[in-house]
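Undergrad: Next up, run.cif (mmCIF, C-alpha atoms).
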data_structure
loop_
_atom_site.label_atom_id
_atom_site.label_comp_id
_atom_site.auth_asym_id
_atom_site.auth_seq_id
_atom_site.Cartn_x
_atom_site.Cartn_y
_atom_site.Cartn_z
CA MET R 1 129.74 53.55 17.74
CA ALA R 2 133.50 53.07 17.20
CA THR R 3 134.74 49.94 15.41
CA CYS R 4 136.37 48.56 18.56
CA ASP R 5 133.11 49.12 20.46
CA ILE R 6 131.13 47.30 17.79
CA ARG R 7 133.57 44.41 18.03
CA LEU R 8 133.25 44.13 21.81
CA TYR R 9 129.46 44.57 21.60
CA ASN R 10 129.29 41.72 19.08
CA ILE R 11 131.41 39.42 21.24
CA ILE R 12 129.23 40.06 24.29
CA VAL R 13 125.96 39.57 22.37
CA LEU R 14 127.41 36.43 20.79
CA GLY R 15 128.35 35.08 24.23
CA VAL R 16 124.93 35.87 25.72
CA SER R 17 123.15 34.22 22.76
CA PHE R 18 125.22 31.05 23.10
CA MET R 19 124.74 31.14 26.88
CA LEU R 20 120.96 30.98 26.41
CA ILE R 21 121.02 28.32 23.68
CA PHE R 22 123.43 26.14 25.63
CA THR R 23 121.63 26.65 28.92
CA ALA R 24 119.08 24.48 27.17
CA PHE R 25 121.35 22.07 25.34
CA GLN R 26 124.13 21.44 27.88
CA THR R 27 121.64 20.91 30.69
CA CYS R 28 119.71 18.55 28.40
CA SER R 29 122.79 16.55 27.43
CA MET R 30 123.88 16.15 31.07
CA ILE R 31 120.51 14.83 32.23
CA GLU R 32 119.39 13.17 28.98
CA LYS R 33 120.22 9.59 29.92
CA THR R 34 118.78 9.96 33.42
CA VAL R 35 115.55 11.54 32.09
CA LEU R 36 115.05 8.89 29.39
CA ASP R 37 115.78 6.08 31.87
CA SER R 38 113.03 7.50 34.10
CA VAL R 39 110.59 7.65 31.16
CA LYS R 40 111.40 4.03 30.36
CA ALA R 41 110.92 3.04 34.01
CA ASP R 42 107.38 4.51 33.98
CA GLY R 43 106.38 1.42 32.01
CA ASN R 44 103.75 3.06 29.79
CA GLY R 45 104.83 1.07 26.74
CA THR R 46 106.74 3.97 25.15
CA ASN R 47 110.35 3.48 24.10
CA PRO R 48 111.94 6.95 24.43
CA GLY R 49 115.32 5.84 23.06
CA ASP R 50 118.75 5.85 24.69
CA GLY R 51 120.60 8.96 25.84
CA TYR R 52 124.10 7.79 24.91
CA THR R 53 122.88 6.67 21.46
CA SER R 54 121.25 10.07 20.88
CA LEU R 55 124.43 11.91 21.84
CA CYS R 56 126.51 9.59 19.65
CA ILE R 57 124.25 10.41 16.67
CA ILE R 58 124.53 14.14 17.39
CA TYR R 59 128.31 14.13 17.33
CA ALA R 60 128.59 11.71 14.39
CA VAL R 61 126.35 13.94 12.24
CA PHE R 62 128.16 16.99 13.63
CA SER R 63 131.52 15.62 12.50
CA ALA R 64 130.29 14.79 8.98
CA SER R 65 128.47 18.11 8.61
CA ASN R 66 131.60 20.09 9.42
CA TRP R 67 132.86 19.46 5.88
CA ALA R 68 129.83 21.29 4.48
CA ALA R 69 129.65 23.94 7.21
CA PRO R 70 132.28 26.37 5.79
CA SER R 71 130.40 26.40 2.48
CA VAL R 72 127.11 27.15 4.25
CA VAL R 73 128.70 29.93 6.31
CA ASN R 74 130.37 31.48 3.26
CA PHE R 75 127.08 31.35 1.35
CA ALA R 76 124.68 32.55 4.07
CA GLY R 77 127.07 34.49 6.30
CA PRO R 78 127.91 33.74 9.95
CA LYS R 79 124.85 35.48 11.44
CA ILE R 80 122.21 33.67 9.36
CA SER R 81 124.10 30.38 9.75
CA MET R 82 124.08 30.68 13.53
CA ILE R 83 120.35 31.48 13.56
CA ILE R 84 119.59 28.37 11.47
CA GLY R 85 121.79 26.28 13.75
CA GLY R 86 120.06 27.68 16.84
CA ILE R 87 116.64 26.70 15.46
CA MET R 88 117.87 23.08 15.15
CA TYR R 89 118.84 23.10 18.83
CA PHE R 90 115.43 24.51 19.73
CA LEU R 91 113.60 21.71 17.89
CA PHE R 92 115.73 19.08 19.64
CA ILE R 93 114.92 20.46 23.11
CA LEU R 94 111.20 20.55 22.26
CA SER R 95 111.24 16.81 21.50
CA PHE R 96 111.74 16.05 25.21
CA LEU R 97 108.28 17.40 26.07
CA LYS R 98 106.92 14.11 24.71
CA PRO R 99 109.86 11.69 24.39
CA MET R 100 109.59 9.19 21.55
CA GLU R 101 112.36 7.18 19.96
CA TRP R 102 111.84 8.47 16.39
CA SER R 103 111.65 12.14 17.45
CA LEU R 104 114.71 11.79 19.70
CA TYR R 105 116.89 10.37 16.93
CA LEU R 106 115.51 12.70 14.24
CA GLY R 107 116.16 15.64 16.57
CA SER R 108 119.68 14.30 17.16
CA VAL R 109 120.36 14.36 13.39
CA LEU R 110 119.00 17.92 13.10
CA VAL R 111 121.03 19.25 16.01
CA GLY R 112 124.16 17.54 14.66
CA PHE R 113 123.85 19.47 11.41
CA GLY R 114 122.80 22.64 13.23
CA ALA R 115 125.80 22.42 15.55
CA ALA R 116 128.21 22.32 12.62
CA ILE R 117 126.98 25.56 11.05
CA LEU R 118 126.40 27.22 14.44
CA TRP R 119 129.97 26.64 15.65
CA THR R 120 131.63 27.32 12.30
CA GLY R 121 129.69 30.58 12.09
CA GLN R 122 130.70 31.39 15.67
CA GLY R 123 134.39 30.81 14.96
CA ASN R 124 134.23 32.96 11.84
CA PHE R 125 132.30 35.73 13.61
CA LEU R 126 134.66 35.77 16.60
CA THR R 127 137.71 35.95 14.33
CA ILE R 128 136.46 38.85 12.19
CA ASN R 129 135.64 40.76 15.38
CA SER R 130 139.14 40.24 16.85
CA ASP R 131 142.74 41.13 16.13
CA SER R 132 146.07 39.96 17.55
CA GLU R 133 145.61 42.19 20.62
CA THR R 134 142.04 41.11 21.43
CA VAL R 135 141.72 37.51 20.22
CA SER R 136 142.68 35.99 23.60
CA ARG R 137 140.47 38.44 25.50
CA ASN R 138 137.51 37.87 23.19
CA SER R 139 137.93 34.08 23.32
CA GLY R 140 137.89 34.27 27.12
CA ILE R 141 134.86 36.59 27.28
CA PHE R 142 132.92 34.36 24.92
CA TRP R 143 133.95 31.20 26.77
CA ALA R 144 133.02 32.60 30.20
CA LEU R 145 129.59 33.75 28.97
CA LEU R 146 128.98 30.45 27.18
CA GLN R 147 129.77 28.42 30.28
CA CYS R 148 127.35 30.44 32.40
CA SER R 149 124.85 28.17 30.63
CA LEU R 150 126.00 25.36 32.91
CA LEU R 151 124.94 27.34 35.98
CA PHE R 152 121.36 28.33 35.21
CA GLY R 153 119.92 25.14 33.74
CA ASN R 154 121.68 22.88 36.22
CA MET R 155 120.65 25.11 39.12
CA TYR R 156 117.03 24.65 38.11
CA SER R 157 117.44 20.90 37.58
CA TYR R 158 119.04 20.63 41.04
CA PHE R 159 116.03 22.12 42.79
CA VAL R 160 113.59 20.10 40.64
CA PHE R 161 115.35 16.77 41.13
CA LYS R 162 116.70 17.22 44.69
CA GLY R 163 115.77 14.27 46.92
CA LYS R 164 114.13 12.36 44.05
CA SER R 165 115.36 9.01 42.77
CA HIS R 166 112.81 9.13 39.91
CA ILE R 167 111.98 12.01 37.54
CA SER R 168 108.22 12.38 37.04
CA SER R 169 106.47 13.44 33.83
CA THR R 170 105.43 16.75 35.44
CA ASP R 171 108.98 17.55 36.53
CA ARG R 172 110.29 16.73 33.06
CA THR R 173 107.67 18.89 31.32
CA ASP R 174 108.31 21.89 33.58
CA LEU R 175 112.06 21.62 33.05
CA PHE R 176 111.95 21.35 29.26
CA ILE R 177 109.44 24.18 28.84
CA GLY R 178 111.97 26.38 30.65
CA LEU R 179 114.88 25.06 28.58
CA SER R 180 112.99 25.53 25.30
CA SER R 181 112.22 29.13 26.26
CA ALA R 182 115.91 29.77 26.94
CA ALA R 183 116.89 28.35 23.52
CA LEU R 184 114.31 30.55 21.78
CA ALA R 185 115.60 33.64 23.62
CA GLY R 186 119.13 32.81 22.46
CA ILE R 187 118.03 32.58 18.82
CA LEU R 188 116.30 35.97 19.06
CA SER R 189 119.43 37.47 20.65
CA LEU R 190 121.45 36.53 17.56
CA LEU R 191 119.33 39.01 15.60
CA LEU R 192 121.02 41.80 17.60
CA LEU R 193 124.48 41.09 16.14
CA ARG R 194 125.82 43.98 14.06
CA LYS R 195 128.04 44.00 10.98
CA LYS R 196 131.58 45.24 11.59
CA ARG R 197 132.68 47.99 9.22
CA ASN R 198 136.19 46.71 8.52
CA THR R 199 138.63 44.03 9.56
CA ASP R 200 142.00 44.54 11.16
CA SER R 201 143.98 41.36 10.78
CA GLU R 202 147.37 42.76 9.86
CA ASN R 203 148.94 41.68 13.17
CA LEU R 204 147.76 38.09 12.94
CA VAL R 205 149.91 35.15 11.89
CA ASN R 206 148.55 33.84 8.60
CA LEU R 207 148.85 30.16 7.78
CA ASN R 208 146.85 30.62 4.59
CA SER R 209 149.08 28.78 2.17
CA SER R 210 146.89 29.75 -0.75
CA GLY R 211 147.82 33.37 -0.14
CA THR R 212 144.27 34.59 -0.69
CA THR R 213 142.82 37.27 1.54
CA GLU R 214 139.36 37.46 0.01
CA PRO R 215 136.66 36.91 2.63
CA SER R 216 134.04 35.92 0.10
CA ASP R 217 135.36 32.62 -1.26
CA SER R 218 132.80 30.45 -3.01
CA PRO R 219 131.33 27.47 -1.11
CA LEU R 220 133.42 25.08 -3.25
CA GLN R 221 136.61 27.02 -2.48
CA ALA R 222 135.80 26.87 1.23
CA LEU R 223 135.46 23.09 1.03
CA LYS R 224 138.74 22.78 -0.86
CA ARG R 225 140.44 25.00 1.69
CA SER R 226 139.27 22.72 4.50
CA PHE R 227 140.99 19.76 2.84
CA GLN R 228 144.14 21.83 2.27
CA LEU R 229 144.32 22.90 5.91
CA LEU R 230 143.81 19.35 7.14
CA LYS R 231 147.02 18.33 5.36
CA THR R 232 149.17 20.97 7.06
CA ARG R 233 151.60 19.95 9.77
CA GLU R 234 150.11 22.45 12.21
CA MET R 235 146.55 21.19 11.82
CA LEU R 236 147.62 17.55 12.07
CA PHE R 237 149.38 18.21 15.38
CA LEU R 238 146.52 20.31 16.72
CA SER R 239 144.10 17.52 15.80
CA ALA R 240 145.42 15.51 18.75
CA ALA R 241 144.32 18.31 21.09
CA PHE R 242 141.02 18.66 19.21
CA ALA R 243 140.33 14.94 19.69
CA TYR R 244 141.06 15.09 23.40
CA THR R 245 138.60 17.96 23.90
CA GLY R 246 135.97 15.79 22.19
CA LEU R 247 136.61 12.78 24.40
CA GLU R 248 136.61 14.79 27.62
CA LEU R 249 133.50 16.66 26.42
CA THR R 250 131.79 13.26 26.18
CA PHE R 251 132.91 12.45 29.69
CA PHE R 252 131.93 15.61 31.55
CA SER R 253 128.76 16.40 29.55
CA GLY R 254 127.21 12.95 29.65
CA VAL R 255 129.11 10.13 31.31
CA TYR R 256 130.21 11.69 34.60
CA GLY R 257 126.80 13.12 35.49
CA ALA R 258 125.12 9.79 34.70
CA SER R 259 127.75 8.01 36.82
CA ILE R 260 126.97 10.24 39.81
CA SER R 261 123.21 9.72 39.44
CA HIS R 262 123.76 5.93 39.15
CA ASP R 263 125.96 5.73 42.27
CA GLN R 264 123.61 4.44 44.98
CA HIS R 265 126.21 5.21 47.65
CA PHE R 266 125.02 8.82 47.36
CA GLY R 267 121.47 7.88 48.42
CA ALA R 268 118.27 9.65 47.37
CA ASP R 269 120.16 12.90 46.68
CA ARG R 270 122.06 11.45 43.73
CA ASN R 271 119.81 13.03 41.06
CA GLY R 272 120.16 16.36 42.87
CA LEU R 273 123.93 15.88 42.79
CA LEU R 274 123.65 15.61 39.01
CA GLY R 275 122.53 19.26 38.94
CA LEU R 276 125.19 20.34 41.42
CA SER R 277 127.84 18.58 39.34
CA GLY R 278 126.79 20.58 36.29
CA ILE R 279 126.93 23.81 38.29
CA LEU R 280 130.47 23.08 39.52
CA ILE R 281 131.58 22.21 35.98
CA GLY R 282 130.21 25.60 34.94
CA VAL R 283 132.03 27.39 37.78
CA GLY R 284 135.30 25.81 36.64
CA GLU R 285 134.64 26.77 33.01
CA ILE R 286 133.77 30.37 33.92
CA LEU R 287 136.77 30.78 36.23
CA GLY R 288 139.07 29.48 33.49
CA GLY R 289 137.50 31.75 30.90
CA ALA R 290 137.89 34.76 33.18
CA MET R 291 141.49 33.96 34.15
CA PHE R 292 142.71 33.31 30.62
CA GLY R 293 140.47 35.73 28.75
CA LEU R 294 139.36 38.72 30.79
CA PHE R 295 142.75 38.88 32.49
CA GLY R 296 144.56 37.38 29.51
CA LYS R 297 147.35 39.95 29.33
CA ARG R 298 148.57 38.88 32.77
CA THR R 299 147.93 35.15 32.59
CA ASN R 300 149.01 34.73 28.94
CA LYS R 301 152.28 36.65 29.13
CA HIS R 302 154.28 33.40 29.20
CA GLY R 303 152.37 31.93 26.23
CA ARG R 304 149.56 29.44 25.82
CA ASP R 305 151.54 26.29 26.65
CA PRO R 306 151.65 26.76 30.47
CA ILE R 307 147.87 27.17 30.52
CA VAL R 308 147.30 23.98 28.55
CA LEU R 309 149.79 22.16 30.80
CA MET R 310 147.85 23.39 33.85
CA GLY R 311 144.62 22.07 32.34
CA TYR R 312 146.27 18.73 31.65
CA LEU R 313 147.49 18.35 35.25
CA VAL R 314 144.10 19.36 36.68
CA HIS R 315 142.37 16.80 34.48
CA MET R 316 144.78 14.02 35.41
CA THR R 317 144.09 14.75 39.09
CA ALA R 318 140.34 14.63 38.46
CA PHE R 319 140.58 11.31 36.59
CA TYR R 320 142.47 9.69 39.45
CA LEU R 321 139.98 10.89 42.07
CA ILE R 322 137.04 9.72 39.95
CA PHE R 323 138.71 6.33 39.51
CA ILE R 324 138.87 5.74 43.27
CA ASN R 325 135.54 7.44 44.16
CA ILE R 326 132.98 6.09 41.65
CA PRO R 327 131.99 2.43 40.93
CA GLN R 328 133.41 1.09 37.68
CA ASN R 329 130.01 0.14 36.18
CA ALA R 330 128.32 3.44 37.12
CA PRO R 331 128.30 4.93 33.57
CA SER R 332 125.65 2.44 32.39
CA VAL R 333 123.66 1.09 35.38
CA GLU R 334 122.56 2.02 38.88
CA THR R 335 125.04 0.41 41.24
CA ASN R 336 126.40 0.18 44.76
CA ASP R 337 129.48 -1.79 43.72
CA PHE R 338 132.93 -1.57 45.29
CA THR R 339 134.93 1.66 45.22
CA TYR R 340 138.55 2.12 46.33
CA VAL R 341 137.42 4.72 48.87
CA MET R 342 133.97 5.33 50.28
CA SER R 343 132.08 7.37 47.66
CA ASN R 344 132.31 10.98 48.80
CA LYS R 345 129.99 13.76 47.57
CA VAL R 346 132.58 16.49 48.16
CA VAL R 347 135.22 14.64 46.14
CA ALA R 348 132.70 13.99 43.34
CA LEU R 349 131.79 17.69 43.14
CA LEU R 350 135.44 18.77 43.38
CA CYS R 351 136.13 16.57 40.35
CA SER R 352 133.28 18.33 38.52
CA PHE R 353 135.00 21.66 39.13
CA PHE R 354 138.35 20.22 37.96
CA LEU R 355 136.75 18.85 34.77
CA GLY R 356 135.28 22.27 33.93
CA PHE R 357 138.43 24.24 34.75
CA GLY R 358 140.69 21.90 32.76
CA ASP R 359 138.33 21.98 29.79
CA SER R 360 138.43 25.80 29.76
CA CYS R 361 142.25 25.72 29.78
CA PHE R 362 142.30 23.64 26.60
CA ASN R 363 139.44 25.30 24.75
CA THR R 364 140.24 28.97 25.38
CA GLN R 365 143.80 28.40 24.17
CA LEU R 366 142.69 26.42 21.12
CA TYR R 367 140.25 29.21 20.19
CA SER R 368 142.98 31.77 20.71
CA MET R 369 145.52 29.82 18.66
CA LEU R 370 143.16 29.19 15.72
CA GLY R 371 142.11 32.84 15.59
CA TYR R 372 145.77 33.88 15.74
CA MET R 373 147.10 31.41 13.16
CA PHE R 374 144.25 31.33 10.63
CA PRO R 375 142.68 34.82 10.39
CA GLU R 376 141.85 34.46 6.68
CA ASP R 377 140.78 30.83 6.96
CA SER R 378 138.73 31.01 10.13
CA SER R 379 135.68 29.15 8.77
CA PRO R 380 137.55 26.03 7.56
CA ALA R 381 139.94 26.12 10.55
CA PHE R 382 137.14 26.16 13.13
CA ALA R 383 135.17 23.64 11.08
CA LEU R 384 138.13 21.23 11.21
CA PHE R 385 138.42 21.82 14.97
CA LYS R 386 134.77 20.89 15.42
CA PHE R 387 135.04 18.00 12.95
CA VAL R 388 137.82 16.28 14.87
CA GLN R 389 136.31 17.19 18.25
CA SER R 390 132.86 15.91 17.36
CA ILE R 391 134.00 12.65 15.76
CA ALA R 392 136.01 11.95 18.92
CA ALA R 393 132.92 12.78 21.00
CA ALA R 394 130.80 10.40 18.89
CA ILE R 395 133.34 7.63 19.45
CA GLY R 396 133.32 8.43 23.18
CA PHE R 397 129.54 8.14 23.45
CA ALA R 398 129.62 4.93 21.38
CA TYR R 399 131.85 3.18 23.93
CA SER R 400 130.25 4.79 27.01
CA ASN R 401 127.63 2.05 27.36
CA VAL R 402 130.19 -0.70 26.80
CA LEU R 403 133.41 0.12 28.66
CA LEU R 404 133.81 0.24 32.41
CA LEU R 405 134.74 3.56 33.95
CA GLU R 406 138.40 2.60 34.46
CA TRP R 407 138.93 1.98 30.73
CA GLN R 408 137.21 5.22 29.78
CA LEU R 409 139.52 7.08 32.17
CA LEU R 410 142.56 5.34 30.68
CA ILE R 411 141.57 6.50 27.18
CA LEU R 412 141.27 10.05 28.52
CA VAL R 413 144.71 9.90 30.16
CA ILE R 414 146.40 8.67 26.96
CA SER R 415 144.60 11.10 24.63
CA GLY R 416 145.11 14.01 27.05
CA THR R 417 148.85 13.38 27.19
CA ALA R 418 149.10 13.24 23.39
CA GLY R 419 146.97 16.37 22.98
CA CYS R 420 149.00 18.39 25.49
CA ILE R 421 152.32 17.44 23.89
CA CYS R 422 151.15 18.19 20.32
CA PHE R 423 149.62 21.54 21.30
CA ASN R 424 152.83 22.62 22.99
CA ILE R 425 154.93 21.65 19.95
CA ILE R 426 152.89 24.02 17.75
CA GLU R 427 152.94 26.77 20.39
CA TRP R 428 156.73 26.52 20.68
CA GLN R 429 156.99 26.64 16.88
CA ASN R 430 154.89 29.84 16.79
CA SER R 431 156.96 31.42 19.55
CA TRP R 432 160.18 30.64 17.71
CA ALA R 433 158.77 32.06 14.47
CA VAL R 434 157.75 35.34 16.14
CA LYS R 435 161.09 35.73 17.96
CA SER R 436 163.02 34.95 14.78
CA GLY R 437 161.00 37.37 12.68
CA TYR R 438 159.63 34.65 10.39
CA GLN R 439 156.05 34.16 9.29
CA THR R 440 154.84 30.59 9.23
CA ILE R 441 153.26 29.71 5.90
#
Using C-alpha cells, write down the structure from this file.
TA:
Amino acid sequence: MATCDIRLYNIIVLGVSFMLIFTAFQTCSMIEKTVLDSVKADGNGTNPGDGYTSLCIIYAVFSASNWAAPSVVNFAGPKISMIIGGIMYFLFILSFLKPMEWSLYLGSVLVGFGAAILWTGQGNFLTINSDSETVSRNSGIFWALLQCSLLFGNMYSYFVFKGKSHISSTDRTDLFIGLSSAALAGILSLLLLRKKRNTDSENLVNLNSSGTTEPSDSPLQALKRSFQLLKTREMLFLSAAFAYTGLELTFFSGVYGASISHDQHFGADRNGLLGLSGILIGVGEILGGAMFGLFGKRTNKHGRDPIVLMGYLVHMTAFYLIFINIPQNAPSVETNDFTYVMSNKVVALLCSFFLGFGDSCFNTQLYSMLGYMFPEDSSPAFALFKFVQSIAAAIGFAYSNVLLLEWQLLILVISGTAGCICFNIIEWQNSWAVKSGYQTI
C-alpha cells in the first residue's frame, strides 16, 4: 500500500474509531442530566449524583491532565495512548448501568484523564499522517466521521424516549448497553491503525522555536515544550478561540439539550426532542466537516478566516433565537415560564443545527491551523488546545446550574467575538508571512 494510501486509511480508521467511542460519550453527555434526574425522581433512596457536576469534573480533570498528556503520548505512542483513553471512556459509560454517586464521579475523573491522552494522541496521529496539501482535507474527514456519532446514539435515544416525560430503569439499561457496546467497538477499531513509513512535513509552517525536528523527544522535553508554546504570541491569541470552543461545547453538549427537555411548553415530547436536537447538531457538524474538509480546496481557497467568521455569525443567530424561544430558567429546572415568543419546536431544532454547523466551522479550522503551524510540535500544540478548551468547558458546566440562560448566552456572545477576532489576527499573520516569503518562528 502506498504511503499516501496508508495515510488516508489511517485517517478514516481514526475517524470511525472516534465515531464509535463518541457515539457513546456524546449521547451520554447530552442526556446525562435528564437521565440522572429521572433516577433521582424514582425515589428509591439512591443518590446518582448531578449531571452538570459530573461534566464539570470531567473537563476540570481533562484540563489538568493535558499538561501530562504530551509526555504520555511521547512515551507510549499515539496508538497505545488512544486505546488507553478509549478504555477510560468505556468504563465511564458502564457506570450508568447502575448509577451511583461515587461511581459517577470516579468515572468522571477517569474519563477526564483518558480524554487528555486520547485527544493529544489523536492530534499527533492526524498530524503525522498529513502534509500541507492534505491537512485541511484530513481534518474535515476526521471531523465529519467523528460527528456522525451524534446521529446514531441520539437517533436511538429519540425512539426510546419519544413521548415519555420520565426515563424508566429499563429504558436506561437498554440504552447504555448499546452505548457501551459502541465504545468497545471503537476501542477495538483503534487496533487497526497502521504505522506510516515516513513523514512529509517539508511544506508545513513550523513554529517550533526550539528548532528541533526529532519526533522522539523525552516526556520531560514534551512537557517543557508545552510551556514554551503557551508563551508564544500565536498560542496566546489562539487560546481565545480555544476557550470559546470549550464554552460553546458546554452549551450544545449539555445545557441546550437539558433546556429543551425542561421546557414544558413542548409537552410530553420534550425528552424525544432531546434526541432530535442531538441529531440536528450532528447534521450541522457533518455538513460543516464535509464542506470545509472533503471539499476543502474549493471552500478554503480564500483562507480559514471567512469560515470562522461564518461560524461566528451562525452562532450569534442561534443564540438570539434561543434567547427568545426558551425560558430563562430552563437549564436547571423543569419550567413553563415566560418566553419572548411562544416556544417553537422547529426554531429549537433549527438552533441545534446552527450550533453544530458553527462549531464545525471553528473546530475544523483550528485543527487545520494547528497541524499547519506546528508539525513538529503537534502533541504539545493539541494538548494546549484541549487544555484551554476543557478548562473553559469546566467553568461553563460550573456556572450552568447557577446562571440563567440569558447570562450564559451573553458569556457565549462575548467569548465568541473575542475568539473570532483573535483567530483571524493569526490567520492574517500567516497569510502575510506566506505571501512575503517569510517563515514564522
Undergrad: Contacts between stretch 49-73 of chain R and stretch 316-385 of chain R, please, where a residue of stretch 316-385 of chain R counts if it comes within 12 Å (with all atoms listed in the file); show its shortest atom pair and distance in Å to one decimal, rows by chain and ascending number, as CSV.
TA:
residue,atom,partner,partner_atom,distance
R:Pro331,CA,R:Tyr52,CA,10.0
R:Ser332,CA,R:Tyr52,CA,9.3
R:Asp377,CA,R:Pro70,CA,9.7
R:Ser378,CA,R:Pro70,CA,9.1
R:Ser379,CA,R:Pro70,CA,5.3
R:Pro380,CA,R:Pro70,CA,5.6
R:Ala381,CA,R:Pro70,CA,9.0
R:Phe382,CA,R:Pro70,CA,8.8
R:Ala383,CA,R:Asn66,CA,5.3
R:Leu384,CA,R:Asn66,CA,6.9
R:Phe385,CA,R:Asn66,CA,9.0
Undergrad: Could the residues in this selection be written to a file with C-alpha atoms, as a compact mmCIF listing (two decimals), in the coordinates of the input?
TA:
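Below is the file that was written, again-v1.txt:
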# COMPACT_ATOMS: atom_id res chain seq x y z
CA PRO R 331 128.30 4.93 33.57
CA SER R 332 125.65 2.44 32.39
CA ASP R 377 140.78 30.83 6.96
CA SER R 378 138.73 31.01 10.13
CA SER R 379 135.68 29.15 8.77
CA PRO R 380 137.55 26.03 7.56
CA ALA R 381 139.94 26.12 10.55
CA PHE R 382 137.14 26.16 13.13
CA ALA R 383 135.17 23.64 11.08
CA LEU R 384 138.13 21.23 11.21
CA PHE R 385 138.42 21.82 14.97
Undergrad: Mind telling me what the PyMOL selection byres ((chain R and resi 309) around 10) catches here, as a list in words?
TA: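 Applying the PyMOL selection byres ((chain R and resi 309) around 10) to the structure shown produces Arg304, Asp305, Pro306, Ile307, Val308, Met310, Gly311, Tyr312, Leu313, Val314, His315, Gly358, Cys361, Phe362, Thr417, Cys420, Ile421, Phe423 and Asn424 of chain R.
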Undergrad: Could you write those residues out with C-alpha atoms, as a tab-separated table (two decimals), keeping the file's coordinate frame?
TA:
chain	number	residue	atom	x	y	z
R	304	ARG	CA	149.56	29.44	25.82
R	305	ASP	CA	151.54	26.29	26.65
R	306	PRO	CA	151.65	26.76	30.47
R	307	ILE	CA	147.87	27.17	30.52
R	308	VAL	CA	147.30	23.98	28.55
R	310	MET	CA	147.85	23.39	33.85
R	311	GLY	CA	144.62	22.07	32.34
R	312	TYR	CA	146.27	18.73	31.65
R	313	LEU	CA	147.49	18.35	35.25
R	314	VAL	CA	144.10	19.36	36.68
R	315	HIS	CA	142.37	16.80	34.48
R	358	GLY	CA	140.69	21.90	32.76
R	361	CYS	CA	142.25	25.72	29.78
R	362	PHE	CA	142.30	23.64	26.60
R	417	THR	CA	148.85	13.38	27.19
R	420	CYS	CA	149.00	18.39	25.49
R	421	ILE	CA	152.32	17.44	23.89
R	423	PHE	CA	149.62	21.54	21.30
R	424	ASN	CA	152.83	22.62	22.99
Undergrad: Considering only C-alpha atoms, state which residue in the set R:Gly416, R:Gly371, R:Gly178, R:Pro327 is at the smallest distance from R:Thr134.
TA: R:Gly371
Undergrad: So the first atom is atom CA of R:Gly275 and the second is atom CA of R:Val109; what is the distance between them in Å, to one decimal place?
TA: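 Spanning atom CA of R:Gly275 to atom CA of R:Val109 is a straight-line distance of 26.1 Å.
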Undergrad: Counting all atoms listed in the file, which residues come within 10 Å of (120.5, 31.1, 23.7), with the point read in the file's coordinates, and could you list them as a short mmCIF file (atom, residue, chain, number, x, y, z; two decimals) with C-alpha atoms, keeping the file's coordinate frame?
TA:
data_model
loop_
_atom_site.label_atom_id
_atom_site.label_comp_id
_atom_site.auth_asym_id
_atom_site.auth_seq_id
_atom_site.Cartn_x
_atom_site.Cartn_y
_atom_site.Cartn_z
CA LEU R 14 127.41 36.43 20.79
CA GLY R 15 128.35 35.08 24.23
CA VAL R 16 124.93 35.87 25.72
CA SER R 17 123.15 34.22 22.76
CA PHE R 18 125.22 31.05 23.10
CA MET R 19 124.74 31.14 26.88
CA LEU R 20 120.96 30.98 26.41
CA ILE R 21 121.02 28.32 23.68
CA PHE R 22 123.43 26.14 25.63
CA THR R 23 121.63 26.65 28.92
CA ALA R 24 119.08 24.48 27.17
CA PHE R 25 121.35 22.07 25.34
CA GLY R 86 120.06 27.68 16.84
CA TYR R 89 118.84 23.10 18.83
CA PHE R 90 115.43 24.51 19.73
CA LEU R 146 128.98 30.45 27.18
CA SER R 149 124.85 28.17 30.63
CA LEU R 179 114.88 25.06 28.58
CA SER R 180 112.99 25.53 25.30
CA SER R 181 112.22 29.13 26.26
CA ALA R 182 115.91 29.77 26.94
CA ALA R 183 116.89 28.35 23.52
CA LEU R 184 114.31 30.55 21.78
CA ALA R 185 115.60 33.64 23.62
CA GLY R 186 119.13 32.81 22.46
CA ILE R 187 118.03 32.58 18.82
CA LEU R 188 116.30 35.97 19.06
CA SER R 189 119.43 37.47 20.65
CA LEU R 190 121.45 36.53 17.56
#
Undergrad: Within 9 Å of stretch 278-293 of chain R, counting all atoms listed in the file, which residues show up once you throw out same-chain ones fewer than 5 positions away? Write them as a compact mmCIF listing (two decimals) with C-alpha atoms, keeping the file's coordinate frame, please.
TA:
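What follows is the written file part31.txt:
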# COMPACT_ATOMS: atom_id res chain seq x y z
CA GLN R 26 124.13 21.44 27.88
CA THR R 27 121.64 20.91 30.69
CA MET R 30 123.88 16.15 31.07
CA VAL R 135 141.72 37.51 20.22
CA SER R 136 142.68 35.99 23.60
CA ARG R 137 140.47 38.44 25.50
CA ASN R 138 137.51 37.87 23.19
CA SER R 139 137.93 34.08 23.32
CA GLY R 140 137.89 34.27 27.12
CA ILE R 141 134.86 36.59 27.28
CA PHE R 142 132.92 34.36 24.92
CA TRP R 143 133.95 31.20 26.77
CA ALA R 144 133.02 32.60 30.20
CA LEU R 145 129.59 33.75 28.97
CA LEU R 146 128.98 30.45 27.18
CA GLN R 147 129.77 28.42 30.28
CA CYS R 148 127.35 30.44 32.40
CA SER R 149 124.85 28.17 30.63
CA LEU R 150 126.00 25.36 32.91
CA LEU R 151 124.94 27.34 35.98
CA PHE R 152 121.36 28.33 35.21
CA GLY R 153 119.92 25.14 33.74
CA ASN R 154 121.68 22.88 36.22
CA MET R 155 120.65 25.11 39.12
CA TYR R 158 119.04 20.63 41.04
CA PHE R 252 131.93 15.61 31.55
CA SER R 253 128.76 16.40 29.55
CA GLY R 257 126.80 13.12 35.49
CA LEU R 273 123.93 15.88 42.79
CA ARG R 298 148.57 38.88 32.77
CA THR R 299 147.93 35.15 32.59
CA ASN R 300 149.01 34.73 28.94
CA ILE R 307 147.87 27.17 30.52
CA LEU R 349 131.79 17.69 43.14
CA LEU R 350 135.44 18.77 43.38
CA CYS R 351 136.13 16.57 40.35
CA SER R 352 133.28 18.33 38.52
CA PHE R 353 135.00 21.66 39.13
CA PHE R 354 138.35 20.22 37.96
CA LEU R 355 136.75 18.85 34.77
CA GLY R 356 135.28 22.27 33.93
CA PHE R 357 138.43 24.24 34.75
CA GLY R 358 140.69 21.90 32.76
CA ASP R 359 138.33 21.98 29.79
CA SER R 360 138.43 25.80 29.76
CA CYS R 361 142.25 25.72 29.78
CA THR R 364 140.24 28.97 25.38
CA GLN R 365 143.80 28.40 24.17
